[in-house]
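Report on the following structure.
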Amino acid sequence: MKTLKKFKNTFMTFSILYITLGIVLIIWPEISARIICNIFGILTLGFGAVKMIRYFNGNTYDTAFRFDLAQGILYIILGIFILAAPKVVISILPFILGLAIVIDSIIRIQLAMDLKRGQYTKWSTSLVFAIITAILGTILLFNPFKGGIALTIYMGISLVVDGIVNLWGLIHATKILK
């Protein structure tokens with residue numbers, strides 16, 4: 001039950017972040033990608049620093065197989081890269097977001113099938129939403145857009161739809177599990 005609650009909270013947090021990020025991309029498409037890169041770069045640097053601090057402050061036996069030092073160094077390098085080369089990151093951002101949305105959609109397709117097994121009457125709605133978001137994510141993977149602003153707005157719309165569909169699925173899955 002504790003694992004289920006943790007999963008639910010994590011899923012809800014990511015859904016809200018998707019919606020928020022999507023709205024930001026839709027409202028401010030010109031500057032949002034650069035700002036997102038800066039924020040993500042700083043957060044990645046911070047996460048790397050936390051990992052390294054955790055490694056050096058930890059017990060020798062506790063840290064033996066956690067790889068906090070290596071992960072910390074890699075996160076710091078990644079954070080520096082994101083901050084130093086935002087144009088490169090922005091150019092691959094549609095692919096990364098598309099991949100994340102497709103993976104998320106595949107998980108929700110499985111959830112829809114689990115809802116069907118549990119004889120939940122609205123399982124097909126969950127399946128349709130998962131397929132729609134998988135299509136949105138696939139379009140991002142292949143990036144047919146020529147203009148950066150149009151692509152940014154499309155990424156925002158895709159994230160908002162994916163976040164809403166995630167929340168809808170979470171609410172209905174929670175009802176079944178109660």
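All residue names refer to the structure tokens as shown: chains lettered A, B, ... in order, residues numbered from 1 in each chain, ligands numbered from 1 in order.
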Go through range 19-114 of chain A residue by residue and, counting only C-alpha atoms, keep those with an atom at most 10 Å from range 143-163 of chain A; for each kept residue give the shortest atom pair and its distance in Å to one decimal, ordered by chain and increasing number, as a tab-separated table.
```
residue	atom	partner	partner_atom	distance
A:Ile19	CA	A:Val160	CA	4.2
A:Thr20	CA	A:Val160	CA	7.4
A:Leu21	CA	A:Gly156	CA	6.8
A:Gly22	CA	A:Gly156	CA	3.6
A:Ile23	CA	A:Gly156	CA	6.0
A:Val24	CA	A:Gly156	CA	7.2
A:Leu25	CA	A:Gly156	CA	4.8
A:Ile26	CA	A:Ile153	CA	4.6
A:Ile27	CA	A:Ile153	CA	8.0
A:Trp28	CA	A:Ile153	CA	8.5
A:Pro29	CA	A:Thr152	CA	5.5
A:Glu30	CA	A:Ile149	CA	6.2
A:Ile31	CA	A:Ile149	CA	9.5
A:Ser32	CA	A:Thr152	CA	8.4
A:Ala33	CA	A:Thr152	CA	7.5
A:Ile90	CA	A:Gly148	CA	9.7
A:Ser91	CA	A:Gly148	CA	9.4
A:Ile92	CA	A:Asn143	CA	9.9
A:Leu93	CA	A:Met155	CA	9.3
A:Pro94	CA	A:Asn143	CA	6.9
A:Phe95	CA	A:Asn143	CA	7.5
A:Leu97	CA	A:Met155	CA	7.6
A:Gly98	CA	A:Met155	CA	8.3
A:Ala100	CA	A:Leu159	CA	9.9
A:Ile101	CA	A:Asp162	CA	7.1
A:Val102	CA	A:Asp162	CA	9.8
A:Asp104	CA	A:Asp162	CA	8.4
A:Ser105	CA	A:Asp162	CA	8.2
```
Tell me which protein, DNA and RNA residues are within 8 Å of range 42-54 of chain A, counting only C-alpha atoms, leaving out same-chain ones fewer than 3 positions away, and put them as an MDAnalysis selection string. chainID A and resid 38:39 57:58 68:69 71:80 83
Selected residues written out with C-alpha atoms, as a PDB file, in the first residue's frame:
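Below is the file result.pdb, written as the result:
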```pdb
ATOM      1  CA  ASN A  38      18.593  27.191 -17.681  1.00  0.00           C
ATOM      2  CA  ILE A  39      16.308  25.886 -14.938  1.00  0.00           C
ATOM      3  CA  ASN A  57      28.867  12.240   4.056  1.00  0.00           C
ATOM      4  CA  GLY A  58      27.659   8.637   3.921  1.00  0.00           C
ATOM      5  CA  ASP A  68      26.449   8.485  -5.750  1.00  0.00           C
ATOM      6  CA  LEU A  69      29.909   9.840  -6.620  1.00  0.00           C
ATOM      7  CA  GLN A  71      26.170   9.834 -10.633  1.00  0.00           C
ATOM      8  CA  GLY A  72      27.017  13.176  -9.040  1.00  0.00           C
ATOM      9  CA  ILE A  73      29.890  13.762 -11.448  1.00  0.00           C
ATOM     10  CA  LEU A  74      27.765  12.776 -14.445  1.00  0.00           C
ATOM     11  CA  TYR A  75      24.894  15.055 -13.362  1.00  0.00           C
ATOM     12  CA  ILE A  76      27.286  17.963 -12.875  1.00  0.00           C
ATOM     13  CA  ILE A  77      28.788  17.407 -16.342  1.00  0.00           C
ATOM     14  CA  LEU A  78      25.281  17.186 -17.815  1.00  0.00           C
ATOM     15  CA  GLY A  79      24.209  20.362 -15.989  1.00  0.00           C
ATOM     16  CA  ILE A  80      27.236  22.255 -17.279  1.00  0.00           C
ATOM     17  CA  LEU A  83      23.902  25.565 -19.444  1.00  0.00           C
TER      18      LEU A  83
END
```
I want to know what sits within 10 Å of Ala112 in chain A, based on only C-alpha atoms, with residues of the same chain fewer than 5 positions away left out; could you give that as a VMD selection string? chain A and resid 106 to 107 117 to 118 120 122 to 130 169 173
Please indicate the distance in Å from CA of Arg108 in chain A to CA of Gly41 in chain A, rounded to one decimal place.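 According to the coordinates, CA of Arg108 in chain A and CA of Gly41 in chain A are separated by 29.0 Å.
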Have a look at CA of Phe7 in chain A and CA of Ile164 in chain A and let me know their distance in Å, one decimal.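 Between these atoms lies a distance of 16.9 Å.
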Of the listed residues A:Thr174, A:Thr138, A:Ser15, A:Thr133, that which approaches Ile109 in chain A most closely, counting only C-alpha atoms: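 The shortest atom-to-atom distance to Ile109 in chain A comes from A:Thr133.
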Please measure the separation of CA of Asn9 in chain A and CA of Leu111 in chain A, giving the value in Å to one decimal.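 Going from CA of Asn9 in chain A over to CA of Leu111 in chain A, I get 16.3 Å.
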Which of A:Ile35, A:Phe67, A:Ile96, A:Phe11 sits closest to Leu140 in chain A [using only C-alpha atoms]: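 Closest to Leu140 in chain A of all the choices is A:Ile96.
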